[in-house]
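To start, the structure under review is shown below, and the notes come after it.
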Amino acid sequence: MIIKTCNLTKRVPSADGELVILENINLELEEGRSLAIVGPSGSGKSTLLGLLAGLDSATSGEVFLNDHPLHDLNEDERAKVRKENVAFVFQSFELLPGLTALENVMLPSELKSNPEAKERATEYLVRVGLNNRLNHYPRQLSGGEQQRVAIARAFACNAKVLFVDEPTGNLDNKTGSRISELLFEVNQESTNALVVVTHDVNLAKKCDDQVELSEGLIT
Amino acid sequence: MAYRLSLKLFWRELKSGQLIIMFFSLVLAVATVSSISLFTDRLEKALMMETQEFLGGDLKFESNDLIEDEVYEKIQKLNLKTSEMVQFASMLSSQGNLQLASIKAVDKNYPLVGEMELQSESFNEIVKNPPRKGQVWLDRRLMDILDLQIGETVSIGEADFSVSHIIITEPDRASNSFAFAAKAIINMEDLASTNVIQPGSRVRFASLYIGEKDEILLLKNILENAKQPGDDIREATDSNDSLGKAIERSGNFLLLGGLLAVLMAGFTVGISSQKFARRHIEYVAILKSLGSTSWEIRSLYSLIFIELGIFSIFFGLILGWYTQEAFTGVLREYFPTNLPAPGFKPLWISSLTVFICLIGFVYPNLVKLTSISPLNILRREDPRKSNSSYLLSVLALSAMFVLIFVYTERLMLTTVIFFSILFVFALGFGLILSFFRTRNKLGLGANKALSLAWSELHRRKYSNSLQVLAFAMAIGLSLIAFSARTDLMSTWESTLPPDSPNNFLINITKSELNSIYSFLEENEIEKRPFYPITSSIIIKLPGSALEDPTPIDRNFNLTWSSELPENNKVISGDWFKGTPSDGLSISNEIAQRYRLSIGDEVKVFFSDQEVNTYIQNIREVNWDSFSPNFFVIGPPSMFKDSTATYISSLYVPAEKKKVISKFMMEFKTVSVLSIDAIIDRVNEIIEQVSKALEIVLGLTVFSAMLLTLATIQDGFNQRLHQSAILRTFGASTSLLQKSTAIEFAFLGLFAGLLGSILAQIGIFLLETQVFELSASFHGKIWIMGPIIGTILICTLSTLLIFSITRKNPKEIIYNT
Ligand SMILES: Nc1ncnc2c1ncn2[C@@H]1O[C@H](COP(=O)(O)OP(=O)(O)O)[C@@H](O)[C@H]1O
Ligand SMILES: [Mg+2]
């Protein structure tokens with residue numbers, strides 16, 4: 001099992017008592033498979049994704065990522081797990097504005113002290129079709145191009161699982177389907193599993209498994 | 001509509017903490033400025049009241065003749081209250097005892113200001129009227145010398161008077177000619193019957209006036225025009241004495257301290273409002289898409305900041321009032337009169353300060369915010385990149401200049417301070433940009449803390465230079481405040497050495513000199529120089545036949561000495577050589593006021609003699625020293641036939657106070673003037689000012705911290721976001737902590753060095769311009785600056801890092 005959760009629950013304090021965002025989520029994902037999480041806006045999809053990737057900690061329950069018990073680890077230990085296991089693509093791209101496309105893609109390799117960061121980054125940018133955009137800054141790129149840079153960065157992570165949160169939400173249909181294709185390419189070549197949150201029915205259908213969230217529960 | 005919305009927004013922003021740094025820094029600025037100006041305002045007023053009482057009115061005119069009718073009529077037309085008096089010296093006799101005394105005949109308006117404190121039989125009374133006809137008031141010495149009791153009779157000239165009271169204090173103590181002689185006061189109506197005033201007798205006619213400022217000014221003009229040689233006009237505002245100077249300097253100094261706090265507040269609101277503007281782009285976008293015009297939006301935001309200004313002034317003034325109460329607490333005991341209520345200056349200077357800050361540092365950011373086109377807004381473009389940046393610079397620089405000018409009121413000093421700050425800024429920018437000039441290596445260098453820090457320093461060189469300058473300002477200004485507190489104040493305090501003379505001996509005759517010398521020796525009191533004085537009039541002779549001779553319109557108490565008195569320095573010409581060709585030595589004030597220079601020919605009148613001579617040298621006199629000081633000194637050879645009385649000063653330690661009474665018994669005609677009280681007052685004021693300074697220092701350091709906080713907060717979101725992304729891909733918190741610490745340590749060190757430069761320049765200006773001390777190098781500052789900088793900034797960065805790593809990456813990325 002690359003991902004396994006047991007009664008995963010997330011509650012946050014709010015003005016009128018505790019707000020339950022996720023309750024008793026149990027799911028499993030085998031190596032080599034892909035999972036689509038669907039559901040209406042506000043149902044807790046992003047929260048779940050954050051918990052699975054170890055970006056956030058649960059209120060109760062267990063979550064294992066590649067057999068690492070994330071619920072038992074502190075922030076630094078989780079960072080170490082993320083370095084080897086997590087690649088992430090966000091809805092709003094989340095590139096560093098002060099770095100060029102190339103430098104953004106180099107980041108994961110730099111963090112792993114890989115001496116070939118530049119060569120690898122160039123390779124991945126070429127792979128997503130941005131060979132003439134290497135030294136452009138994010139603000140000089142369109143949304144689709146920025147998302148492709150983010151995908152190249154995910155390639156560079158060379159991690160076990162690719163997590164993706166509504167990758168096409170900010171893009172038009174045509175660009176969106178090109179991005180979806182690329183994501184599956186990354187998953188095939190570089191990672192062992194894919195978890196994608198999406199509204200896009202076509203994208204969800206392409207995945208091996210689907211779960212639907214509604215008001216914090218799997219339906 | 002806009003007004004209500006603006007209040008709502010103002011509250012929301014204040015509560016959410018977005019305006020809080022701006023609010024606090026403005027409140028601090030107002031509190032600093034208002035407390036200082038309240039303090040100095042009340043101190044000056046109290047002193048003014050005192051000098052008015054000391055002089056006996058707002059203006060005193062003294063002459064050897066009665067005022068001419070024509071002038072008198074002009075003065076009558078003014079709306080003034082007047083009291084006239086005649087002063088002369090005459091013999092008093094009682095049962096065969098004779099004593100020369102200074103007699104003052106006063107009219108029915110006496111005393112014009114203040115009160116007389118008198119002793120009759122056994123009790124003291126306070127009166128506000130002249131002696132009755134046929135009565136005389138005597139001072140205690142005269143009573144003792146003449147062996148008189150209250151109720152007995154004393155004759156002055158041909159008239160007999162009944163002694164009704166003993167004078168304890170009188171308001172008009174300041175007088176040129178007979179101030180320190182034994183004194184008697186009679187009613188003007190009795191003057192004629194004494195028959196002592198004959199043609200040719202030495203009499204001073206004095207008139208005292210009180211009235212509104214404008215009227216006094218008119219009066220002064222009339223009198224200046226009618227002025228004859230030997231006439232003297234004195235105003236209560238002429239405070240050439242140590243106390244006045246001490247207060248003037250401390251006022252200047254405190255206001256400069258206030259200026260520092262204000263400048264920092266200006267920068268703080270500048271930086272914070274820029275951040276504020278960036279956060280409001282979307283809000284403006286929504287308003288614009290709902291159809292609001294730029295003008296409407298601009299007035300909405302202007303209103304928000306006007307509200308901010310009004311609130312800050314309100315709370316700042318309250319804080320300032322209480323701070324000022326702490327300053328004046330001790331002073332209260334020292335001023336016999338109640339501390340006067342403050343005027344409106346503190347209010348308008350605080351309000352002016354706040355609004356200059358808002359216009360200069362905030363308004364340009366609002367203009368940028370509201371002039372962004374909706375398209376720009378959709379693309380979330382940074383308003384900093386709009387092409388109206390020059391407006392910000394021009395307005396901010398002008399605001400800075402105006403603020404400095406408001407506080408210094410001196411164009412030259414303003415220019416110097418302004419360009420010093422610009423110089424340090426340019427130096428800071430230049431150094432940082434050239435230090436990181438080389439192209440950075442590719443990538444963020446995120447594998448090691450050091451390389452990450454290094455590449456961050458490279459990447460952020462522009463915003464870092466701003467931050468470094470803010471840090472440097474904060475450090476430099478705190479260093480100035482610190483060093484002012486420790487070094488400058490102690491240097492200043494030491495200008496009044498503990499063995500400064502505390503008694504003056506006046507009216508000594510030549511025949512008494514030797515017995516006084518032996519008296520001092522017997523009682524082990526150090527003898528200081530004895531100066532002969534004689535009254536003189538000086539006329540400048542024409543340099544060419546075309547010019548008229550110019551009389552110098554005052555009496556000089558002139559002395560002669562072959563030695564240069566202590567606390568005097570010859571600044572041009574040579575000191576007397578002891579040859580017949582010696583001329584006169586004058587002080588630089590006299591040289592300036594009467595346009596006299598070395599070699600000018602003058603004629604001196606004294607003791608029925610006149611001598612043609614010239615100006616041989618010009619001296620700088622330290623008027624702060626409590627020794628006899630003279631505007632004019634001549635060579636002994638010139639005055640060997642002159643009649644003179646002698647003047648000297650003594651330092652009598654507290655444990656030898658009794659010697660003074662002994663001295664007064666032995667030398668009844670010598671006047672002893674104790675200035676212990678004045679010295680105590682000067683010391684008290686200096687101490688008070690250092691206390692005030694400590695508070696100002698505290699407020700300044702606090703403003704500096706707010707400024708630093710504002711600059712760090714400015715780049716905070718960007719750092720937060722970057723750290724979240726790095727952490728998503730596995731960067732450890734320790735990597736981020738280390739690299740941030742290294743980055744900030746470097747910035748702190750750099751800022752510390754710049755701060756030291758700034759402080760050294762600032763202290764130089766303070767030393768030379770405000771304290772009139774000689775400039776010196778302050779090694780301590782150069783060590784403290786970088787150390788404080790590094791420690792301060794590292795502490796701040798630790799806090800920063802703590803708040804960055806406290807939140808998990810998901811929260812940061814999804815919620816900002
Ligand atoms: N830190 C938080 N504090 C309070 N409420 C939160 C927090 N994070 C998420 N929520 C709430 O939890 C719900 C689920 O959020 P999210 O996981 O982002 O939903 P989705 O991605 O499905 O749209 C939403 O109602 C959101 O407002
Ligand atoms: Mg979501």
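Numbering starts fresh at 1 for the residues of each chain in the structure tokens, the chains themselves are lettered A, B, ... in the order given, and ligands are numbered from 1 as they appear.
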
task: Step by step, measure atom-to-atom distances between ligand 1 and each residue using only C-alpha atoms and all ligand atoms, keep those at most 7 Å, then write them as a PyMOL selection string.
output: (chain A and resi 12+14+21+39-48) or (chain B and resi 811)

Distance filter 10 Å, only C-alpha atoms, chain A against chain B, as a PyMOL selection string: chain A and resi 46-47+49-51+53-57+75-88+90-92+94-100+102-115+117-118+139+153-154+157+159

Long-range neighbours of A:Leu162 as a PDB file with N, CA and C atoms, in the first residue's frame, 10 Å cut-off, only C-alpha atoms, 6 positions minimum in chain:
ATOM      1  N   SER A  34      -3.956   5.005  -9.754  1.00  0.00           N
ATOM      2  CA  SER A  34      -4.326   6.413  -9.641  1.00  0.00           C
ATOM      3  C   SER A  34      -5.706   6.551  -9.032  1.00  0.00           C
ATOM      4  N   ALA A  53      -0.646  14.100   1.811  1.00  0.00           N
ATOM      5  CA  ALA A  53       0.714  14.466   1.402  1.00  0.00           C
ATOM      6  C   ALA A  53       1.566  14.898   2.591  1.00  0.00           C
ATOM      7  N   ASN A  85       8.907  11.381  -1.171  1.00  0.00           N
ATOM      8  CA  ASN A  85       7.652  10.742  -1.573  1.00  0.00           C
ATOM      9  C   ASN A  85       6.614  11.638  -2.233  1.00  0.00           C
ATOM     10  N   VAL A  86       6.781  12.948  -2.116  1.00  0.00           N
ATOM     11  CA  VAL A  86       5.684  13.824  -2.540  1.00  0.00           C
ATOM     12  C   VAL A  86       6.071  14.739  -3.693  1.00  0.00           C
ATOM     13  N   ALA A  87       5.253  14.710  -4.724  1.00  0.00           N
ATOM     14  CA  ALA A  87       5.294  15.754  -5.746  1.00  0.00           C
ATOM     15  C   ALA A  87       3.913  16.381  -5.732  1.00  0.00           C
ATOM     16  N   PHE A  88       3.853  17.695  -5.888  1.00  0.00           N
ATOM     17  CA  PHE A  88       2.569  18.369  -5.718  1.00  0.00           C
ATOM     18  C   PHE A  88       2.338  19.348  -6.849  1.00  0.00           C
ATOM     19  N   VAL A  89       1.134  19.328  -7.385  1.00  0.00           N
ATOM     20  CA  VAL A  89       0.755  20.350  -8.367  1.00  0.00           C
ATOM     21  C   VAL A  89      -0.499  21.032  -7.843  1.00  0.00           C
ATOM     22  N   ILE A 151       4.233  21.328 -13.502  1.00  0.00           N
ATOM     23  CA  ILE A 151       4.284  19.887 -13.795  1.00  0.00           C
ATOM     24  C   ILE A 151       5.736  19.433 -13.997  1.00  0.00           C
ATOM     25  N   ALA A 154       7.102  18.925 -10.770  1.00  0.00           N
ATOM     26  CA  ALA A 154       6.655  17.659 -10.194  1.00  0.00           C
ATOM     27  C   ALA A 154       7.475  16.494 -10.752  1.00  0.00           C
ATOM     28  N   PHE A 155       7.764  16.551 -12.060  1.00  0.00           N
ATOM     29  CA  PHE A 155       8.661  15.560 -12.672  1.00  0.00           C
ATOM     30  C   PHE A 155       9.968  15.498 -11.894  1.00  0.00           C
ATOM     31  N   LEU A 183       0.022  15.064 -16.870  1.00  0.00           N
ATOM     32  CA  LEU A 183       0.037  14.515 -15.513  1.00  0.00           C
ATOM     33  C   LEU A 183       0.172  12.989 -15.544  1.00  0.00           C
ATOM     34  N   PHE A 184      -0.574  12.377 -16.457  1.00  0.00           N
ATOM     35  CA  PHE A 184      -0.465  10.926 -16.539  1.00  0.00           C
ATOM     36  C   PHE A 184       0.907  10.493 -17.034  1.00  0.00           C
ATOM     37  N   VAL A 186       3.694  12.086 -16.330  1.00  0.00           N
ATOM     38  CA  VAL A 186       4.566  12.187 -15.162  1.00  0.00           C
ATOM     39  C   VAL A 186       4.397  10.952 -14.304  1.00  0.00           C
ATOM     40  N   ASN A 187       3.138  10.609 -14.070  1.00  0.00           N
ATOM     41  CA  ASN A 187       2.870   9.481 -13.193  1.00  0.00           C
ATOM     42  C   ASN A 187       3.496   8.199 -13.742  1.00  0.00           C
ATOM     43  N   SER A 190       7.661   8.922 -13.708  1.00  0.00           N
ATOM     44  CA  SER A 190       8.460   9.393 -12.592  1.00  0.00           C
ATOM     45  C   SER A 190       7.923   8.958 -11.236  1.00  0.00           C
ATOM     46  N   THR A 191       6.607   8.825 -11.093  1.00  0.00           N
ATOM     47  CA  THR A 191       6.069   8.466  -9.774  1.00  0.00           C
ATOM     48  C   THR A 191       5.375   7.112  -9.811  1.00  0.00           C
ATOM     49  N   ASN A 192       4.994   6.622  -8.635  1.00  0.00           N
ATOM     50  CA  ASN A 192       4.378   5.307  -8.539  1.00  0.00           C
ATOM     51  C   ASN A 192       2.883   5.344  -8.316  1.00  0.00           C
ATOM     52  N   ALA A 193       2.372   6.543  -7.989  1.00  0.00           N
ATOM     53  CA  ALA A 193       0.933   6.644  -7.769  1.00  0.00           C
ATOM     54  C   ALA A 193       0.500   8.078  -8.003  1.00  0.00           C
ATOM     55  N   LEU A 194      -0.818   8.250  -8.250  1.00  0.00           N
ATOM     56  CA  LEU A 194      -1.347   9.588  -8.531  1.00  0.00           C
ATOM     57  C   LEU A 194      -2.624   9.782  -7.731  1.00  0.00           C
ATOM     58  N   VAL A 195      -2.676  10.908  -7.008  1.00  0.00           N
ATOM     59  CA  VAL A 195      -3.930  11.264  -6.355  1.00  0.00           C
ATOM     60  C   VAL A 195      -4.342  12.618  -6.913  1.00  0.00           C
ATOM     61  N   VAL A 196      -5.513  12.677  -7.513  1.00  0.00           N
ATOM     62  CA  VAL A 196      -5.910  13.935  -8.145  1.00  0.00           C
ATOM     63  C   VAL A 196      -7.298  14.364  -7.672  1.00  0.00           C
TER      64      VAL A 196
END

- prompt: Skipping near chain neighbours, those fewer than 2 positions away, what residues fall within 8 Å of B:Val136 using only C-alpha atoms, listed as a list in words?
  reply: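 Once the nearby chain positions are removed, what remains is Pro131, Arg132, Gly134, Leu138, Phe161, Ser162, Val163, Ser164, His165, Ala184, Ile185, Ile186 and Asn187 of chain B.
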
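One distance worth recording is that between atom CA of B:Glu158 and atom CA of B:Lys668, which is 24.8 Å.
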
field: Among the residues A:Leu35, A:Leu213, A:Cys207, A:Leu65, the one that comes closest to ligand 2 [using only C-alpha atoms and all ligand atoms]
entry: A:Leu213

- prompt: Using only C-alpha atoms and all ligand atoms, which of the listed residues (A:Asn66, A:Thr198, A:Gln210, A:Thr175) sits closest to ligand 2?
  reply: A:Thr198

message: as a list in words, please: the residues near A:Leu217 (cut-off 8 Å, only C-alpha atoms, same-chain neighbours under 6 positions excluded).
response: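 Surrounding residues, per the criterion: Leu22, Glu23, Asn24 and Ile25 of chain A.
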
Restrict the selected residues to N, CA and C atoms and save them as a short mmCIF file (atom, residue, chain, number, x, y, z; two decimals), in the first residue's frame.
data_model
loop_
_atom_site.label_atom_id
_atom_site.label_comp_id
_atom_site.auth_asym_id
_atom_site.auth_seq_id
_atom_site.Cartn_x
_atom_site.Cartn_y
_atom_site.Cartn_z
N LEU A 22 -13.38 16.86 7.94
CA LEU A 22 -13.34 15.47 7.44
C LEU A 22 -13.65 14.55 8.61
N GLU A 23 -14.37 13.47 8.34
CA GLU A 23 -14.68 12.56 9.45
C GLU A 23 -14.49 11.10 9.03
N ASN A 24 -13.67 10.40 9.81
CA ASN A 24 -13.46 8.97 9.62
C ASN A 24 -13.25 8.55 8.17
N ILE A 25 -12.25 9.12 7.59
CA ILE A 25 -11.94 8.76 6.21
C ILE A 25 -11.05 7.52 6.21
#

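One finds atom CA of B:Asn225 at 24.6 Å from atom CA of B:Asn588.
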
- request: Determine which residues of stretch 465-541 of chain B DSSP labels as alpha helix (DSSP H) from the backbone of this structure, then write them out as a ChimeraX atom specification.
  value: /B:465-483,489-493,513-522

Write out the residues from the selection above, keeping N, CA and C atoms, as a short mmCIF file (atom, residue, chain, number, x, y, z; two decimals), in the first residue's frame.
data_model
loop_
_atom_site.label_atom_id
_atom_site.label_comp_id
_atom_site.auth_asym_id
_atom_site.auth_seq_id
_atom_site.Cartn_x
_atom_site.Cartn_y
_atom_site.Cartn_z
N SER B 465 18.04 46.51 0.36
CA SER B 465 18.70 47.79 0.64
C SER B 465 17.74 48.70 1.36
N LEU B 466 16.45 48.63 0.99
CA LEU B 466 15.47 49.43 1.73
C LEU B 466 15.43 49.01 3.19
N GLN B 467 15.42 47.68 3.36
CA GLN B 467 15.33 47.16 4.72
C GLN B 467 16.58 47.55 5.52
N VAL B 468 17.74 47.42 4.88
CA VAL B 468 18.98 47.77 5.55
C VAL B 468 18.95 49.24 5.95
N LEU B 469 18.42 50.09 5.05
CA LEU B 469 18.39 51.51 5.38
C LEU B 469 17.45 51.78 6.54
N ALA B 470 16.34 51.07 6.56
CA ALA B 470 15.42 51.24 7.69
C ALA B 470 16.10 50.79 8.98
N PHE B 471 16.75 49.61 8.92
CA PHE B 471 17.48 49.15 10.10
C PHE B 471 18.52 50.18 10.50
N ALA B 472 19.25 50.67 9.48
CA ALA B 472 20.35 51.60 9.76
C ALA B 472 19.82 52.86 10.43
N MET B 473 18.67 53.34 9.92
CA MET B 473 18.04 54.51 10.53
C MET B 473 17.74 54.21 12.00
N ALA B 474 17.09 53.06 12.20
CA ALA B 474 16.68 52.70 13.55
C ALA B 474 17.90 52.61 14.46
N ILE B 475 18.94 51.93 13.99
CA ILE B 475 20.13 51.75 14.83
C ILE B 475 20.83 53.10 15.03
N GLY B 476 21.00 53.83 13.92
CA GLY B 476 21.72 55.10 14.00
C GLY B 476 21.03 56.07 14.94
N LEU B 477 19.72 56.18 14.80
CA LEU B 477 19.00 57.13 15.64
C LEU B 477 19.04 56.71 17.11
N SER B 478 18.93 55.39 17.34
CA SER B 478 19.01 54.94 18.73
C SER B 478 20.40 55.23 19.30
N LEU B 479 21.42 55.05 18.47
CA LEU B 479 22.78 55.33 18.93
C LEU B 479 22.95 56.81 19.26
N ILE B 480 22.38 57.66 18.40
CA ILE B 480 22.47 59.09 18.66
C ILE B 480 21.81 59.40 20.00
N ALA B 481 20.62 58.86 20.17
CA ALA B 481 19.89 59.12 21.41
C ALA B 481 20.69 58.61 22.61
N PHE B 482 21.25 57.41 22.45
CA PHE B 482 22.02 56.82 23.55
C PHE B 482 23.23 57.68 23.87
N SER B 483 23.95 58.05 22.83
CA SER B 483 25.19 58.77 23.06
C SER B 483 24.90 60.17 23.57
N MET B 489 25.39 64.79 27.47
CA MET B 489 24.88 65.38 28.69
C MET B 489 25.97 65.55 29.73
N SER B 490 26.86 64.55 29.82
CA SER B 490 27.88 64.68 30.86
C SER B 490 28.89 65.76 30.47
N THR B 491 29.18 65.88 29.17
CA THR B 491 30.07 66.97 28.76
C THR B 491 29.44 68.31 29.11
N TRP B 492 28.16 68.38 28.85
CA TRP B 492 27.46 69.63 29.08
C TRP B 492 27.42 69.94 30.58
N GLU B 493 27.09 68.90 31.35
CA GLU B 493 27.03 69.11 32.80
C GLU B 493 28.37 69.58 33.34
N LEU B 513 40.50 96.68 49.50
CA LEU B 513 41.06 95.48 48.87
C LEU B 513 41.96 94.67 49.79
N ASN B 514 42.93 95.36 50.41
CA ASN B 514 43.91 94.60 51.20
C ASN B 514 43.29 93.87 52.38
N SER B 515 42.35 94.54 53.05
CA SER B 515 41.74 93.85 54.19
C SER B 515 40.87 92.68 53.72
N ILE B 516 40.24 92.81 52.51
CA ILE B 516 39.47 91.66 51.99
C ILE B 516 40.40 90.50 51.68
N TYR B 517 41.57 90.85 51.07
CA TYR B 517 42.53 89.78 50.76
C TYR B 517 42.89 89.02 52.02
N SER B 518 43.20 89.75 53.09
CA SER B 518 43.64 89.02 54.29
C SER B 518 42.47 88.28 54.95
N PHE B 519 41.25 88.84 54.83
CA PHE B 519 40.07 88.13 55.34
C PHE B 519 39.93 86.77 54.65
N LEU B 520 40.06 86.78 53.30
CA LEU B 520 39.91 85.53 52.56
C LEU B 520 40.98 84.53 52.96
N GLU B 521 42.21 85.03 53.12
CA GLU B 521 43.31 84.15 53.49
C GLU B 521 43.08 83.52 54.85
N GLU B 522 42.66 84.35 55.82
CA GLU B 522 42.37 83.84 57.16
C GLU B 522 41.32 82.73 57.12
#

task: Choose the residue, out of A:Lys174, A:Arg33, A:Glu181, A:Glu166, that has the smallest atom-to-atom separation from ligand 2; count only C-alpha atoms and all ligand atoms.
output: A:Glu166
